[in-house]
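In what follows, a structure is listed as structure tokens, so that the remarks can point back to it.
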Amino acid sequence: MNAALQFCQETYALAVCVLNRLLATVKVQTKYLKCIAITTLILAAKINEEDEVIASVKDLLAQSGCNFSTAEIHRMERIILDKLQWDLYTATPIDFIHIVSFTQRGYHLLHWLNTHRLHPHRLISTHLHPSTSSTS
């Protein structure tokens with residue numbers, strides 16, 4: 001399904017997290033699980049993807065092989081949004097990886113500055129400060 005829909009990995013991660021939150025909140029009959037799963041993917045795509053990437057719900061259903069109607073998906077969207085109080089954003093494992101990666105890069109930069117006896121406040125040149133520059 002990933003190859004057919006061309007969504008970014010953040011979209012799939014968000015869909016899984018939204019699905020997980022919903023399943024932790026309400027009891028779901030197994031006959032609705034596939035409809036809920038595709039609907040969480042559609043909702044995640046609406047958040048993370050550019051409008052040009054998102055096909056119509058009818059096309060997404062055809063690509064995913066689901067037997068649900070567009071009306072059923074729209075109804076499920078409203079149910080999910082209601083149950084999660086319209087709060088679909090949740091931190092995903094990918095967000096965690098980005099944070100850790102950023103933190104490690106920041107640590108390595110500070111380590112490099114300290115190794116070379118440079119401090120971030122010394123990197124700003126005081127002679128370029130507007131209050132000390134001449135206007136001749």
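Residue numbers start at 1 in each chain; chains themselves are named A, B, ... in the order of the structure tokens; ligands are numbered from 1 in the order shown.
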
I want to know what sits within 12 Å of Lys34 (chain A), based on only C-alpha atoms, with residues of the same chain fewer than 3 positions away left out; could you give that as a list in words?
Leu19, Val28, Gln29, Thr30, Lys31, Ala37, Ile38, Thr39, Thr40, Leu41, Leu61, Ser64, Gly65, Cys66, Asn67, Phe68, Glu72, Ile73 and Met76 of chain A

Now that the selection is made, can you save its residues with N, CA, C and O atoms as a PDB file, in the first residue's frame?
```pdb
ATOM      1  N   LEU A  19      -4.460   5.495  15.564  1.00  0.00           N
ATOM      2  CA  LEU A  19      -5.178   4.226  15.717  1.00  0.00           C
ATOM      3  C   LEU A  19      -4.974   3.657  17.113  1.00  0.00           C
ATOM      4  O   LEU A  19      -5.932   3.230  17.775  1.00  0.00           O
ATOM      5  N   VAL A  28     -13.674  -1.469  20.069  1.00  0.00           N
ATOM      6  CA  VAL A  28     -13.970  -1.509  18.640  1.00  0.00           C
ATOM      7  C   VAL A  28     -14.317  -2.928  18.245  1.00  0.00           C
ATOM      8  O   VAL A  28     -13.609  -3.870  18.601  1.00  0.00           O
ATOM      9  N   GLN A  29     -15.405  -3.061  17.507  1.00  0.00           N
ATOM     10  CA  GLN A  29     -15.744  -4.366  16.957  1.00  0.00           C
ATOM     11  C   GLN A  29     -14.787  -4.665  15.812  1.00  0.00           C
ATOM     12  O   GLN A  29     -14.457  -3.782  15.017  1.00  0.00           O
ATOM     13  N   THR A  30     -14.350  -5.902  15.715  1.00  0.00           N
ATOM     14  CA  THR A  30     -13.348  -6.257  14.714  1.00  0.00           C
ATOM     15  C   THR A  30     -13.823  -6.001  13.289  1.00  0.00           C
ATOM     16  O   THR A  30     -13.010  -5.728  12.414  1.00  0.00           O
ATOM     17  N   LYS A  31     -15.133  -6.039  13.053  1.00  0.00           N
ATOM     18  CA  LYS A  31     -15.621  -5.804  11.693  1.00  0.00           C
ATOM     19  C   LYS A  31     -15.383  -4.365  11.234  1.00  0.00           C
ATOM     20  O   LYS A  31     -15.388  -4.086  10.044  1.00  0.00           O
ATOM     21  N   ALA A  37      -8.732   1.698  10.427  1.00  0.00           N
ATOM     22  CA  ALA A  37      -7.319   1.797  10.041  1.00  0.00           C
ATOM     23  C   ALA A  37      -7.135   2.672   8.803  1.00  0.00           C
ATOM     24  O   ALA A  37      -6.266   3.555   8.786  1.00  0.00           O
ATOM     25  N   ILE A  38      -7.930   2.459   7.771  1.00  0.00           N
ATOM     26  CA  ILE A  38      -7.787   3.273   6.558  1.00  0.00           C
ATOM     27  C   ILE A  38      -8.199   4.715   6.840  1.00  0.00           C
ATOM     28  O   ILE A  38      -7.605   5.658   6.311  1.00  0.00           O
ATOM     29  N   THR A  39      -9.169   4.904   7.718  1.00  0.00           N
ATOM     30  CA  THR A  39      -9.601   6.264   8.050  1.00  0.00           C
ATOM     31  C   THR A  39      -8.523   7.009   8.824  1.00  0.00           C
ATOM     32  O   THR A  39      -8.290   8.199   8.576  1.00  0.00           O
ATOM     33  N   THR A  40      -7.829   6.334   9.735  1.00  0.00           N
ATOM     34  CA  THR A  40      -6.739   7.010  10.455  1.00  0.00           C
ATOM     35  C   THR A  40      -5.612   7.372   9.492  1.00  0.00           C
ATOM     36  O   THR A  40      -4.985   8.418   9.640  1.00  0.00           O
ATOM     37  N   LEU A  41      -5.381   6.536   8.490  1.00  0.00           N
ATOM     38  CA  LEU A  41      -4.370   6.867   7.479  1.00  0.00           C
ATOM     39  C   LEU A  41      -4.798   8.096   6.675  1.00  0.00           C
ATOM     40  O   LEU A  41      -3.988   8.985   6.407  1.00  0.00           O
ATOM     41  N   LEU A  61      -9.593   4.543  -1.357  1.00  0.00           N
ATOM     42  CA  LEU A  61     -10.279   3.280  -1.071  1.00  0.00           C
ATOM     43  C   LEU A  61     -10.005   2.248  -2.166  1.00  0.00           C
ATOM     44  O   LEU A  61      -9.763   1.079  -1.871  1.00  0.00           O
ATOM     45  N   SER A  64      -6.433   0.984  -1.804  1.00  0.00           N
ATOM     46  CA  SER A  64      -6.211   0.164  -0.618  1.00  0.00           C
ATOM     47  C   SER A  64      -6.970  -1.158  -0.675  1.00  0.00           C
ATOM     48  O   SER A  64      -6.714  -2.046   0.126  1.00  0.00           O
ATOM     49  N   GLY A  65      -7.904  -1.279  -1.603  1.00  0.00           N
ATOM     50  CA  GLY A  65      -8.673  -2.514  -1.719  1.00  0.00           C
ATOM     51  C   GLY A  65      -9.784  -2.637  -0.696  1.00  0.00           C
ATOM     52  O   GLY A  65     -10.307  -3.733  -0.480  1.00  0.00           O
ATOM     53  N   CYS A  66     -10.164  -1.533  -0.068  1.00  0.00           N
ATOM     54  CA  CYS A  66     -11.232  -1.563   0.922  1.00  0.00           C
ATOM     55  C   CYS A  66     -12.593  -1.600   0.250  1.00  0.00           C
ATOM     56  O   CYS A  66     -12.776  -1.042  -0.828  1.00  0.00           O
ATOM     57  N   ASN A  67     -13.550  -2.241   0.893  1.00  0.00           N
ATOM     58  CA  ASN A  67     -14.905  -2.338   0.363  1.00  0.00           C
ATOM     59  C   ASN A  67     -15.826  -1.277   0.950  1.00  0.00           C
ATOM     60  O   ASN A  67     -17.037  -1.395   0.847  1.00  0.00           O
ATOM     61  N   PHE A  68     -15.280  -0.252   1.556  1.00  0.00           N
ATOM     62  CA  PHE A  68     -16.101   0.743   2.227  1.00  0.00           C
ATOM     63  C   PHE A  68     -16.477   1.860   1.270  1.00  0.00           C
ATOM     64  O   PHE A  68     -15.758   2.163   0.327  1.00  0.00           O
ATOM     65  N   GLU A  72     -19.101   5.987   4.391  1.00  0.00           N
ATOM     66  CA  GLU A  72     -18.675   5.272   5.601  1.00  0.00           C
ATOM     67  C   GLU A  72     -17.356   5.837   6.133  1.00  0.00           C
ATOM     68  O   GLU A  72     -17.183   5.975   7.348  1.00  0.00           O
ATOM     69  N   ILE A  73     -16.440   6.179   5.239  1.00  0.00           N
ATOM     70  CA  ILE A  73     -15.158   6.749   5.662  1.00  0.00           C
ATOM     71  C   ILE A  73     -15.372   8.122   6.289  1.00  0.00           C
ATOM     72  O   ILE A  73     -14.804   8.431   7.343  1.00  0.00           O
ATOM     73  N   MET A  76     -16.787   7.642   9.661  1.00  0.00           N
ATOM     74  CA  MET A  76     -15.758   7.165  10.587  1.00  0.00           C
ATOM     75  C   MET A  76     -14.805   8.295  10.958  1.00  0.00           C
ATOM     76  O   MET A  76     -14.343   8.369  12.097  1.00  0.00           O
TER      77      MET A  76
END
```

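Of note, CA of Ala24 (chain A) and CA of Ile54 (chain A) are spaced 27.5 Å apart.
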
Skipping near chain neighbours, those fewer than 2 positions away, what residues fall within 10 Å of Leu88 (chain A) using only C-alpha atoms, listed as a ChimeraX atom specification?
/A:14-15,17-19,21-22,40,43-44,47,80-81,84-86,90-91

Computed interatomic separation between CA of Val57 (chain A) and CA of Arg75 (chain A) (Å)
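Here the two named atoms are 12.2 Å from each other.
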
Point-to-point distance from CA of Lys58 (chain A) to CA of Tyr32 (chain A), Å rounded to tenths:
17.9 Å
